[in-house]
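Chemist: To start, I am sharing the structure in question, which I have written as structure tokens.
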Amino acid sequence: MIPFSVLDLSPINQGCTAADAFNNSKELAQKAEQLGYQRYWLAEHHNMTGIASAATAVVISHIAANTRTIRVGAGGIMLPNHSPLVIAEQFGTLASLYPGRIDLGLGRAPGSDQRTARALRRHLGDSADTFADDVVELQDYFRAATPHQAVRAVPGAGLEVPLWLLGSSLFSAQLAAEMGLPFAFASHFAPGFMKSAIDIYRSRFKPSEALARPHVMLGLNVFAAETDREGERLFTSLQQQFVNLVRGVPGQLNAPRESMEDYWRPEEKSHLERSLSCAVVGSPQTVQAGLQAFIDDTGADELMITAQIFDHAARLRSFEIVAQVREQLRTKLQW
């Protein structure tokens, strides 16, 4: 059975604080480690009042310090916002503090609106267009330093921190294939190019020192509960968050609703049905069938499970159900 991992945006619930979000993330990471999830990733977003993981490397350190074995990383760092040297130093520090446990996923988008991107970078220029060169530069900082190397990442040099490329279009699929790097696709919110990206990545993949054969990880929303109705109710928190984002009024994660029909407009509903089509929502039986169908349909090498669930206990329970379902699928495959 393929590995399951966790993507956490460290959501800030309505009426709560970033401190509450960080404590919830810590507890979820500990639960994920106990349940056998492969890795625990956090994502870089800025100027989002409902997401606490803007200082991604700092939050990764918090999670790694409160767990023992699970891999912890970024899903991802938005490289155009930073110099490769700064990221090499940050993740070299993390890899030194938590050896053998740190992943670095790299994205090409700003993780924010254009005004916020300008505040982050001051001069936007064509930084997204230098993404491939920046990835190569970052790789070089993680290799063993040479005697005459003028600029080194300290710590960082020689640590060979594993790099992943993230994407929601075909660009990163092509680049990951060319560079021989593992590839993670953001199917949990932008599934439109998923199949094409997988095909391009696998067909064009070139083995490298980092990876002998292609490895595709796919994002998937999973809202698991005791009943289908309860899973659907929990899912409305994410649906509200997306509607608010479409309306240009992003905010904290709202409590679930009994129905979305009095909340969204028909065009918003259609947009969300496309954007969130990679979602498995419902009871353990429904989740088992949905996970198996998604794996069979995509041939994913790994799933990155995410769940923006308002109630913390319900969120922990959802990931517990998913882990139990994975074990049932594994046992079924052995038979």
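The way I read the labels, and the way they are meant: chains A, B, ... in the order of the structure tokens, residue 1 as the first residue of every chain, and ligand 1 as the first ligand shown, with later ones counted on from there.
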DSSP on the backbone, then: every residue of region 16-261 of chain A marked strand (DSSP E or B), written as a VMD selection string.
Modeler: chain A and resid 39 to 42 51 71 to 78 102 to 107 163 to 167 183 to 185 216 to 224 253
Chemist: For region 197-207 of chain A, find every residue with an atom within 9 Å (counting only C-alpha atoms), except residues of its own chain fewer than 2 positions away, and show them as number ranges by chain.
Modeler: A: 167-181, 183, 185, 193-195, 209-216, 298, 300
Chemist: Excluding Tyr98 (chain A) and residues on its chain fewer than 3 positions from it, collect all residues at most 10 Å away from it, counting only C-alpha atoms, and give them as number ranges by chain.
Modeler: A: 61, 64-65, 68-69, 71-72, 92-95, 101-102
Chemist: For the residues selected in the previous step, produce a file with N, CA and C atoms as an mmCIF file, in the first residue's frame.
Modeler:
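Writing the result to selection-v5.cif gives the following:
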data_model
loop_
_atom_site.group_PDB
_atom_site.id
_atom_site.type_symbol
_atom_site.label_atom_id
_atom_site.label_comp_id
_atom_site.auth_asym_id
_atom_site.auth_seq_id
_atom_site.Cartn_x
_atom_site.Cartn_y
_atom_site.Cartn_z
ATOM 1 N N SER A 61 10.101 23.632 12.534
ATOM 2 C CA SER A 61 10.952 23.343 13.694
ATOM 3 C C SER A 61 10.101 23.019 14.919
ATOM 4 N N ALA A 64 8.763 19.453 14.333
ATOM 5 C CA ALA A 64 9.827 18.448 14.445
ATOM 6 C C ALA A 64 10.286 18.289 15.889
ATOM 7 N N ALA A 65 10.309 19.385 16.647
ATOM 8 C CA ALA A 65 10.751 19.326 18.035
ATOM 9 C C ALA A 65 9.772 18.553 18.919
ATOM 10 N N ARG A 68 9.098 12.618 16.926
ATOM 11 C CA ARG A 68 10.363 11.882 17.031
ATOM 12 C C ARG A 68 10.798 11.241 15.723
ATOM 13 N N THR A 69 9.869 10.747 14.928
ATOM 14 C CA THR A 69 10.255 9.933 13.770
ATOM 15 C C THR A 69 9.658 10.396 12.445
ATOM 16 N N ARG A 71 8.729 12.322 9.141
ATOM 17 C CA ARG A 71 9.409 13.347 8.349
ATOM 18 C C ARG A 71 8.576 14.623 8.372
ATOM 19 N N VAL A 72 9.244 15.762 8.455
ATOM 20 C CA VAL A 72 8.565 17.051 8.544
ATOM 21 C C VAL A 72 9.145 17.960 7.464
ATOM 22 N N GLY A 92 19.073 23.919 6.034
ATOM 23 C CA GLY A 92 20.288 23.325 6.570
ATOM 24 C C GLY A 92 20.270 23.327 8.086
ATOM 25 N N THR A 93 19.733 24.391 8.658
ATOM 26 C CA THR A 93 19.578 24.455 10.113
ATOM 27 C C THR A 93 18.610 23.387 10.598
ATOM 28 N N LEU A 94 17.463 23.275 9.909
ATOM 29 C CA LEU A 94 16.481 22.259 10.296
ATOM 30 C C LEU A 94 17.061 20.852 10.175
ATOM 31 N N ALA A 95 17.780 20.589 9.081
ATOM 32 C CA ALA A 95 18.355 19.262 8.874
ATOM 33 C C ALA A 95 19.443 18.959 9.900
ATOM 34 N N ARG A 101 15.141 13.878 8.785
ATOM 35 C CA ARG A 101 13.691 14.004 8.913
ATOM 36 C C ARG A 101 13.101 15.169 8.137
ATOM 37 N N ILE A 102 13.918 15.951 7.457
ATOM 38 C CA ILE A 102 13.447 17.198 6.857
ATOM 39 C C ILE A 102 13.301 17.059 5.338
#
Chemist: Compare A:Gln328, A:Gln34, A:Thr56, A:Ser96 by their minimum atom-to-atom distance to Phe22 (chain A), counting only C-alpha atoms, and give me the closest one.
Modeler: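 Selected residue with least distance to Phe22 (chain A): A:Thr56.
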Chemist: Under the rule that only C-alpha atoms are counted, which of A:Asp296, A:Glu33, A:Glu44, A:Asp301 is the nearest residue to Leu316 (chain A)?
Modeler: A:Glu33
